[in-house]
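Each remark here refers to the structure printed beneath this line.
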Amino acid sequence: MRRSRFILSAGLAVILAGMANTAMAQSEIKIGEINSYSLLPAFTEPYRKGWQLAVEEINAAGGINGKKLVVISKDDSGKPADAQTAANELVSSENVAMLAGTFLSNIGLAVSDFANQKKVFFLAAEPLTDAITWSKGNRYTFRLRPSNYMQAAMLVEAAAKLPAKRWATIAPNYEYGQSAVAVFKKLMSEKRPDIQWVDEQWPPQGKIDAGPVVQAVAAANPEAILNVTFGADLVKLVREGNTRGLFKNRAVVSFLTGEPEYLDPLKDETPEGWIVTGYPWYDIKTPEHAAFLKAYQTKYNDYPRLGSIVGYETIKAAAAILTKAGSTDPEKLIAAAEGLKVSSPFGEITFRKIDHQSTLGAFVGKTALKDGKGVMVDSVYRNGADYLPSDAEVEKMRPKD
């Protein structure tokens with residue numbers, strides 16, 4: 001009799017625990033987040049802080065239609081195969097409502113392909129390749145950051161005014177670098193048919209041998225240089241370029257270099273006068289950004305990087321999509337996201353229906369030295385909506401769903 005009661009009690013406990021877990025699951029909405037944390041900590045650590053702040057604010061305000069938002073995060077180690085494995089685990093084992101994140105363009109494309117095959121909603125945070133919303137775009141993938149095309153168009157606006165006619169390019173030899181150079185050359189040549197492209201250097205991402213690269217570019221004798229390197233590669237390129245005088249009396253246009261995560265490590269080696277995109281957090285005077293800056297500094301006792309903005313806004317946008325959809329069904333999430341307007345620290349943005357690209361913009365300015373540290377000066381915010389091709393052009397590039 002005692003044994004029967006024990007078995008009955010144990011069985012009841014298991015049932016009650018299962019019911020509690022089910023109730024807990026029903027009171028939560030999960031987002032699966034993937035990024036290259038171990039490979040690119042300079043960007044991804046501030047990015048993580050950004051999305052953690054967003055989660056905290058969302059849940060403090062009542063969550064998603066009364067349900068707690070939970071983000072389950074995985075590291076892709078900078079490998080597309082690992083990213084797809086992580087995505088599969090998040091969907092099949094964790095039952096996440098959507099996927100979000102990624103940094104490198106090739107990884108973003110890998111997760112986008114997974115999302116398309118498995119019919120899972122994916123909000124790409126950072127990957128910049130144009131392919132993710134155009135040539136390889138799909139119904140299930142949306143993107144937050146302004147694309148290579150958008151940032152190139154912003155930079156070309158300033159670069160086309162330079163007198164330089166002979167141009168060289170330096171970019172990492174993978175999807176992002178290839179895409180950035182191709183679109184910059186296309187847009188620049190359209191505005192300035194007199195330009196000559198005299199040299200291209202394609203160092204492997206994360207493994208630049210800066211001496212030979214600088215020597216080769218100098219031998220081509222360009223009047224201006226397009227740089228697409230970032231992170232440790234950028235530091236090595238700048239150091240070697242400064243030593244050999246590569247940048248002296250030459251204009252330089254540089255993707256991303258004004259972002260604090262890439263500008264700060266240059267310290268007093270920062271070259272002055274480069275035309276860059278970036279994030280001058282110390283010089284933005286809007287109410288939306290002031291609120292974000294105060295919340296971020298209060299929580300972390302540190303200043304934000306651009307990664308902080310991207311992480312924060314990725315989860316804020318995901319929450320807005322889930323709230324509007326009132327469901328975790330992928331088709332309802334897509335319907336909610338297409339044309340959705342959401343607030344951001346940079347002002348209101350829209351996720352376009354035609355290509356699922358957000359209209360988040362970027363700051364364009366110049367590099368300068370201040371108190372032995374690199375900063376952005378003369379910066380102006382460029383609204384992403386003003387730097388996108390026409391709907392007719394997008395329709396030619398993007399596959400039909």
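Residues are referred to by chain and number: the chain letter is A, B, ... according to the order shown in the structure tokens, the number counts from 1 in that chain, and ligands are numbered separately from 1 in the order shown.
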Practice prompt. Using backbone DSSP assignments, extract all strand (DSSP E or B) residues from range 97-209 of chain A; output them as number ranges by chain.
Written response: A: 98-101, 122-124, 141-143, 166-170, 196-201
Could you name the residues that touch Tyr262 in chain A at 10 Å or less, counting only C-alpha atoms, but leaving out those on the same chain fewer than 5 positions away, as an mmCIF file with all heavy atoms, in the first residue's frame?
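selection_25.cif, written as the output of this step:
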```
data_model
loop_
_atom_site.group_PDB
_atom_site.id
_atom_site.type_symbol
_atom_site.label_atom_id
_atom_site.label_comp_id
_atom_site.auth_asym_id
_atom_site.auth_seq_id
_atom_site.Cartn_x
_atom_site.Cartn_y
_atom_site.Cartn_z
ATOM 1 N N ALA A 42 34.862 42.676 -29.754
ATOM 2 C CA ALA A 42 34.832 44.146 -29.747
ATOM 3 C C ALA A 42 33.465 44.675 -30.161
ATOM 4 O O ALA A 42 32.994 45.695 -29.653
ATOM 5 C CB ALA A 42 35.911 44.711 -30.671
ATOM 6 N N PHE A 43 32.804 43.966 -31.081
ATOM 7 C CA PHE A 43 31.457 44.371 -31.510
ATOM 8 C C PHE A 43 30.374 43.632 -30.731
ATOM 9 O O PHE A 43 29.394 44.231 -30.296
ATOM 10 C CB PHE A 43 31.272 44.116 -33.005
ATOM 11 C CG PHE A 43 29.978 44.646 -33.553
ATOM 12 C CD1 PHE A 43 29.920 45.905 -34.141
ATOM 13 C CD2 PHE A 43 28.791 43.917 -33.458
ATOM 14 C CE1 PHE A 43 28.715 46.410 -34.628
ATOM 15 C CE2 PHE A 43 27.597 44.416 -33.934
ATOM 16 C CZ PHE A 43 27.561 45.668 -34.521
ATOM 17 N N THR A 229 38.409 47.375 -44.594
ATOM 18 C CA THR A 229 38.870 46.545 -43.476
ATOM 19 C C THR A 229 38.326 47.095 -42.150
ATOM 20 O O THR A 229 37.992 48.274 -42.045
ATOM 21 C CB THR A 229 40.401 46.487 -43.399
ATOM 22 O OG1 THR A 229 40.927 47.790 -43.110
ATOM 23 C CG2 THR A 229 40.996 45.971 -44.695
ATOM 24 N N PHE A 230 38.286 46.231 -41.150
ATOM 25 C CA PHE A 230 37.794 46.633 -39.828
ATOM 26 C C PHE A 230 38.479 45.784 -38.774
ATOM 27 O O PHE A 230 39.195 44.831 -39.075
ATOM 28 C CB PHE A 230 36.266 46.494 -39.740
ATOM 29 C CG PHE A 230 35.760 45.097 -39.977
ATOM 30 C CD1 PHE A 230 35.561 44.212 -38.914
ATOM 31 C CD2 PHE A 230 35.469 44.650 -41.266
ATOM 32 C CE1 PHE A 230 35.102 42.923 -39.122
ATOM 33 C CE2 PHE A 230 35.010 43.349 -41.484
ATOM 34 C CZ PHE A 230 34.818 42.489 -40.414
ATOM 35 N N GLY A 231 38.283 46.139 -37.519
ATOM 36 C CA GLY A 231 38.835 45.364 -36.418
ATOM 37 C C GLY A 231 40.357 45.373 -36.411
ATOM 38 O O GLY A 231 41.005 46.371 -36.745
ATOM 39 N N ALA A 232 40.957 44.231 -36.046
ATOM 40 C CA ALA A 232 42.414 44.131 -35.943
ATOM 41 C C ALA A 232 43.088 44.396 -37.279
ATOM 42 O O ALA A 232 44.191 44.957 -37.333
ATOM 43 C CB ALA A 232 42.797 42.749 -35.413
ATOM 44 N N ASP A 233 42.435 44.011 -38.382
ATOM 45 C CA ASP A 233 43.002 44.277 -39.708
ATOM 46 C C ASP A 233 43.151 45.775 -39.956
ATOM 47 O O ASP A 233 44.139 46.224 -40.541
ATOM 48 C CB ASP A 233 42.108 43.676 -40.799
ATOM 49 C CG ASP A 233 42.239 42.160 -40.891
ATOM 50 O OD1 ASP A 233 43.157 41.603 -40.273
ATOM 51 O OD2 ASP A 233 41.408 41.537 -41.583
ATOM 52 N N LEU A 234 42.170 46.541 -39.529
ATOM 53 C CA LEU A 234 42.215 47.991 -39.703
ATOM 54 C C LEU A 234 43.381 48.586 -38.926
ATOM 55 O O LEU A 234 44.104 49.451 -39.442
ATOM 56 C CB LEU A 234 40.894 48.616 -39.251
ATOM 57 C CG LEU A 234 40.849 50.148 -39.250
ATOM 58 C CD1 LEU A 234 40.950 50.702 -40.666
ATOM 59 C CD2 LEU A 234 39.578 50.656 -38.569
ATOM 60 N N VAL A 235 43.565 48.143 -37.683
ATOM 61 C CA VAL A 235 44.666 48.657 -36.863
ATOM 62 C C VAL A 235 46.007 48.398 -37.545
ATOM 63 O O VAL A 235 46.870 49.281 -37.628
ATOM 64 C CB VAL A 235 44.639 48.026 -35.459
ATOM 65 C CG1 VAL A 235 45.876 48.448 -34.660
ATOM 66 C CG2 VAL A 235 43.366 48.419 -34.711
ATOM 67 N N LEU A 256 32.626 51.966 -42.034
ATOM 68 C CA LEU A 256 32.582 51.527 -40.637
ATOM 69 C C LEU A 256 33.628 52.130 -39.700
ATOM 70 O O LEU A 256 33.504 51.996 -38.480
ATOM 71 C CB LEU A 256 32.707 49.988 -40.533
ATOM 72 C CG LEU A 256 31.842 49.130 -41.464
ATOM 73 C CD1 LEU A 256 32.076 47.659 -41.153
ATOM 74 C CD2 LEU A 256 30.377 49.471 -41.365
ATOM 75 N N THR A 257 34.652 52.806 -40.216
ATOM 76 C CA THR A 257 35.777 53.193 -39.370
ATOM 77 C C THR A 257 35.389 54.184 -38.279
ATOM 78 O O THR A 257 36.064 54.285 -37.255
ATOM 79 C CB THR A 257 36.923 53.757 -40.239
ATOM 80 O OG1 THR A 257 37.301 52.757 -41.185
ATOM 81 C CG2 THR A 257 38.141 54.138 -39.421
ATOM 82 N N LYS A 267 43.496 54.760 -31.293
ATOM 83 C CA LYS A 267 44.055 55.731 -30.340
ATOM 84 C C LYS A 267 44.733 56.897 -31.072
ATOM 85 O O LYS A 267 44.146 57.481 -31.984
ATOM 86 C CB LYS A 267 45.006 55.025 -29.374
ATOM 87 C CG LYS A 267 44.332 53.921 -28.573
ATOM 88 C CD LYS A 267 45.299 53.217 -27.658
ATOM 89 C CE LYS A 267 44.586 52.088 -26.913
ATOM 90 N NZ LYS A 267 45.507 51.304 -26.075
ATOM 91 N N GLY A 278 29.848 55.854 -39.239
ATOM 92 C CA GLY A 278 30.152 55.503 -37.852
ATOM 93 C C GLY A 278 29.059 55.906 -36.890
ATOM 94 O O GLY A 278 27.900 56.080 -37.265
ATOM 95 N N ARG A 305 28.662 51.475 -27.941
ATOM 96 C CA ARG A 305 29.267 51.355 -29.264
ATOM 97 C C ARG A 305 28.134 51.156 -30.269
ATOM 98 O O ARG A 305 26.979 51.040 -29.878
ATOM 99 C CB ARG A 305 30.226 50.172 -29.323
ATOM 100 C CG ARG A 305 31.610 50.428 -28.712
ATOM 101 C CD ARG A 305 31.567 50.619 -27.233
ATOM 102 N NE ARG A 305 32.908 50.554 -26.623
ATOM 103 C CZ ARG A 305 33.134 50.740 -25.344
ATOM 104 N NH1 ARG A 305 32.114 51.010 -24.505
ATOM 105 N NH2 ARG A 305 34.359 50.674 -24.858
ATOM 106 N N LEU A 306 28.472 51.103 -31.538
ATOM 107 C CA LEU A 306 27.393 50.883 -32.503
ATOM 108 C C LEU A 306 26.759 49.518 -32.278
ATOM 109 O O LEU A 306 25.552 49.348 -32.463
ATOM 110 C CB LEU A 306 27.883 51.011 -33.947
ATOM 111 C CG LEU A 306 26.731 50.964 -34.947
ATOM 112 C CD1 LEU A 306 25.813 52.177 -34.796
ATOM 113 C CD2 LEU A 306 27.219 50.881 -36.377
ATOM 114 N N GLY A 374 40.821 58.918 -31.336
ATOM 115 C CA GLY A 374 40.076 59.118 -32.570
ATOM 116 C C GLY A 374 38.616 59.436 -32.309
ATOM 117 O O GLY A 374 37.978 58.810 -31.458
#
```
Discussion item. With distances taken over only C-alpha atoms, which residue among A:Pro280, A:Gly307, A:Gly177, A:Pro287 lies nearest Ser254 in chain A?
Written reply: A:Gly177
Polymer residues at most 8 Å from range 109-123 of chain A, only C-alpha atoms, same-chain spacing of 5 or more positions, as an mmCIF file with N, CA, C and O atoms, in the first residue's frame:
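And here is the file that came out, part.cif:
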```cif
data_model
loop_
_atom_site.group_PDB
_atom_site.id
_atom_site.type_symbol
_atom_site.label_atom_id
_atom_site.label_comp_id
_atom_site.auth_asym_id
_atom_site.auth_seq_id
_atom_site.Cartn_x
_atom_site.Cartn_y
_atom_site.Cartn_z
ATOM 1 N N PRO A 80 29.718 29.483 -40.674
ATOM 2 C CA PRO A 80 28.346 29.311 -41.177
ATOM 3 C C PRO A 80 27.706 27.994 -40.764
ATOM 4 O O PRO A 80 26.526 27.960 -40.407
ATOM 5 N N ALA A 81 28.472 26.895 -40.799
ATOM 6 C CA ALA A 81 27.906 25.593 -40.423
ATOM 7 C C ALA A 81 27.487 25.574 -38.958
ATOM 8 O O ALA A 81 26.436 25.024 -38.605
ATOM 9 N N ALA A 83 26.578 28.158 -37.255
ATOM 10 C CA ALA A 83 25.402 29.031 -37.151
ATOM 11 C C ALA A 83 24.135 28.272 -37.532
ATOM 12 O O ALA A 83 23.096 28.400 -36.870
ATOM 13 N N GLN A 84 24.203 27.460 -38.575
ATOM 14 C CA GLN A 84 23.030 26.687 -38.981
ATOM 15 C C GLN A 84 22.694 25.609 -37.949
ATOM 16 O O GLN A 84 21.513 25.346 -37.688
ATOM 17 N N ALA A 87 20.995 27.418 -35.161
ATOM 18 C CA ALA A 87 19.628 27.770 -35.568
ATOM 19 C C ALA A 87 18.708 26.564 -35.459
ATOM 20 O O ALA A 87 17.575 26.668 -34.962
ATOM 21 N N ALA A 97 10.328 31.478 -31.110
ATOM 22 C CA ALA A 97 9.336 32.059 -32.016
ATOM 23 C C ALA A 97 9.980 32.624 -33.271
ATOM 24 O O ALA A 97 9.347 32.686 -34.329
ATOM 25 N N MET A 98 11.233 33.054 -33.152
ATOM 26 C CA MET A 98 11.956 33.597 -34.302
ATOM 27 C C MET A 98 13.446 33.521 -34.024
ATOM 28 O O MET A 98 13.875 33.315 -32.893
ATOM 29 N N LEU A 99 14.233 33.710 -35.083
ATOM 30 C CA LEU A 99 15.676 33.812 -34.986
ATOM 31 C C LEU A 99 16.091 35.263 -35.189
ATOM 32 O O LEU A 99 15.410 36.009 -35.904
ATOM 33 N N ALA A 100 17.207 35.645 -34.581
ATOM 34 C CA ALA A 100 17.702 37.013 -34.733
ATOM 35 C C ALA A 100 19.215 37.003 -34.601
ATOM 36 O O ALA A 100 19.808 36.060 -34.076
ATOM 37 N N GLY A 101 19.836 38.091 -35.095
ATOM 38 C CA GLY A 101 21.260 38.274 -34.887
ATOM 39 C C GLY A 101 22.111 38.064 -36.113
ATOM 40 O O GLY A 101 21.705 38.356 -37.225
ATOM 41 N N ALA A 131 23.062 40.981 -50.747
ATOM 42 C CA ALA A 131 22.402 39.747 -51.164
ATOM 43 C C ALA A 131 21.308 39.314 -50.200
ATOM 44 O O ALA A 131 20.328 38.696 -50.601
ATOM 45 N N ILE A 132 21.445 39.666 -48.927
ATOM 46 C CA ILE A 132 20.524 39.125 -47.923
ATOM 47 C C ILE A 132 19.095 39.636 -48.103
ATOM 48 O O ILE A 132 18.131 38.965 -47.735
ATOM 49 N N LYS A 136 19.600 37.186 -52.870
ATOM 50 C CA LYS A 136 19.278 35.966 -52.139
ATOM 51 C C LYS A 136 18.214 36.215 -51.072
ATOM 52 O O LYS A 136 18.088 35.460 -50.108
ATOM 53 N N ASN A 138 14.609 36.416 -49.182
ATOM 54 C CA ASN A 138 13.490 35.473 -49.119
ATOM 55 C C ASN A 138 12.414 35.987 -48.185
ATOM 56 O O ASN A 138 12.624 36.940 -47.434
ATOM 57 N N ARG A 139 11.293 35.346 -48.247
ATOM 58 C CA ARG A 139 10.095 35.764 -47.511
ATOM 59 C C ARG A 139 10.316 35.832 -46.003
ATOM 60 O O ARG A 139 9.734 36.680 -45.315
ATOM 61 N N TYR A 140 11.178 34.985 -45.462
ATOM 62 C CA TYR A 140 11.293 34.836 -44.013
ATOM 63 C C TYR A 140 12.392 35.697 -43.390
ATOM 64 O O TYR A 140 12.529 35.724 -42.166
ATOM 65 N N THR A 141 13.163 36.412 -44.209
ATOM 66 C CA THR A 141 14.297 37.175 -43.702
ATOM 67 C C THR A 141 14.080 38.675 -43.803
ATOM 68 O O THR A 141 13.707 39.179 -44.873
ATOM 69 N N PHE A 142 14.337 39.374 -42.698
ATOM 70 C CA PHE A 142 14.310 40.835 -42.629
ATOM 71 C C PHE A 142 15.693 41.288 -42.139
ATOM 72 O O PHE A 142 16.414 40.527 -41.508
ATOM 73 N N ARG A 143 16.065 42.557 -42.420
ATOM 74 C CA ARG A 143 17.375 43.037 -41.977
ATOM 75 C C ARG A 143 17.256 44.425 -41.362
ATOM 76 O O ARG A 143 16.569 45.309 -41.879
ATOM 77 N N LEU A 144 17.984 44.623 -40.233
ATOM 78 C CA LEU A 144 17.958 45.901 -39.517
ATOM 79 C C LEU A 144 18.980 46.906 -40.038
ATOM 80 O O LEU A 144 18.631 48.029 -40.380
ATOM 81 N N THR A 314 17.593 45.551 -32.448
ATOM 82 C CA THR A 314 17.167 44.247 -32.972
ATOM 83 C C THR A 314 16.069 43.648 -32.102
ATOM 84 O O THR A 314 15.032 43.204 -32.600
ATOM 85 N N ALA A 318 12.108 43.221 -32.856
ATOM 86 C CA ALA A 318 11.521 41.881 -32.763
ATOM 87 C C ALA A 318 10.301 41.887 -31.847
ATOM 88 O O ALA A 318 9.264 41.273 -32.158
ATOM 89 N N PRO A 330 4.858 32.101 -38.120
ATOM 90 C CA PRO A 330 5.759 32.840 -39.016
ATOM 91 C C PRO A 330 5.047 33.704 -40.048
ATOM 92 O O PRO A 330 5.489 34.820 -40.349
ATOM 93 N N LEU A 333 3.877 36.766 -38.386
ATOM 94 C CA LEU A 333 5.017 37.638 -38.088
ATOM 95 C C LEU A 333 5.451 38.411 -39.332
ATOM 96 O O LEU A 333 5.755 39.603 -39.265
ATOM 97 N N ILE A 334 5.476 37.736 -40.464
ATOM 98 C CA ILE A 334 5.836 38.403 -41.727
ATOM 99 C C ILE A 334 4.836 39.507 -42.037
ATOM 100 O O ILE A 334 5.214 40.631 -42.383
#
```
Closest contacts (range 229-310 of chain A/range 196-217 of chain A, max 7 Å, only C-alpha atoms) as JSON lines:
```
{"residue": "A:Ala232", "atom": "CA", "partner": "A:Gly206", "partner_atom": "CA", "distance": 6.8}
{"residue": "A:Asp233", "atom": "CA", "partner": "A:Ile208", "partner_atom": "CA", "distance": 5.7}
{"residue": "A:Lys236", "atom": "CA", "partner": "A:Ala210", "partner_atom": "CA", "distance": 6.0}
{"residue": "A:Leu237", "atom": "CA", "partner": "A:Ala210", "partner_atom": "CA", "distance": 5.2}
{"residue": "A:Glu240", "atom": "CA", "partner": "A:Gly211", "partner_atom": "CA", "distance": 6.2}
{"residue": "A:Gly241", "atom": "CA", "partner": "A:Val214", "partner_atom": "CA", "distance": 6.1}
{"residue": "A:Leu246", "atom": "CA", "partner": "A:Val214", "partner_atom": "CA", "distance": 6.9}
```
Practice prompt. Choose the residue, out of A:Ile31, A:Pro46, A:Ser92, A:Asp391, that has the smallest atom-to-atom separation from Tyr303 in chain A; count only C-alpha atoms.
Written response: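 Of the candidates, the smallest distance to Tyr303 in chain A is held by A:Pro46.
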Practice prompt. Figure out the distance between CA of Ala362 in chain A and CA of Phe346 in chain A, please, to one decimal in Å.
Written response: 8.7 Å
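Take CA of Phe351 in chain A and CA of Gln297 in chain A: the distance between them is 28.3 Å.
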Worksheet entry | Proximity to Pro193 in chain A - best of A:Ile58, A:Ala168, A:Leu90, A:Ala160, only C-alpha atoms |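 So, comparing all the options, the nearest one is A:Ala160.
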Response to the item:
Residue with the minimum atom-to-atom distance to Leu263 in chain A, picked from A:Ala295, A:Leu360, A:Leu369, A:Met188 with only C-alpha atoms counted, is A:Leu369
Fill in: All residues 7 Å or closer to range 125-130 of chain A, only C-alpha atoms, same chain fewer than 6 positions away omitted, as number ranges by chain
A: 100-105, 108, 143-149, 175-176, 179, 310, 314
Discussion item. Would you pick out the contacts of range 363-365 of chain A at 6 Å or less, using only C-alpha atoms, so that residues sharing its chain but fewer than 5 positions from it are not included, and give the list as a list in words?
Written reply: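 After dropping sequence-adjacent residues, the list is Ile275, Val276, Thr277, Gly278, Val377, Asp378, Ser379, Val380, Tyr381 and Arg382 of chain A.
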Worksheet item: Taking only C-alpha atoms into account, which of A:Ile72, A:Leu340, A:Ala60, A:Ala164 comes nearest Asp194 in chain A?
Response: A:Ala164
Worksheet item: Smallest atom-to-atom distance to Gly384 in chain A: which of A:Lys68, A:Arg352, A:Lys186, A:Lys324, using only C-alpha atoms?
Response: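 Between A:Lys68, A:Arg352, A:Lys186, A:Lys324, the residue approaching Gly384 in chain A most closely is A:Arg352.
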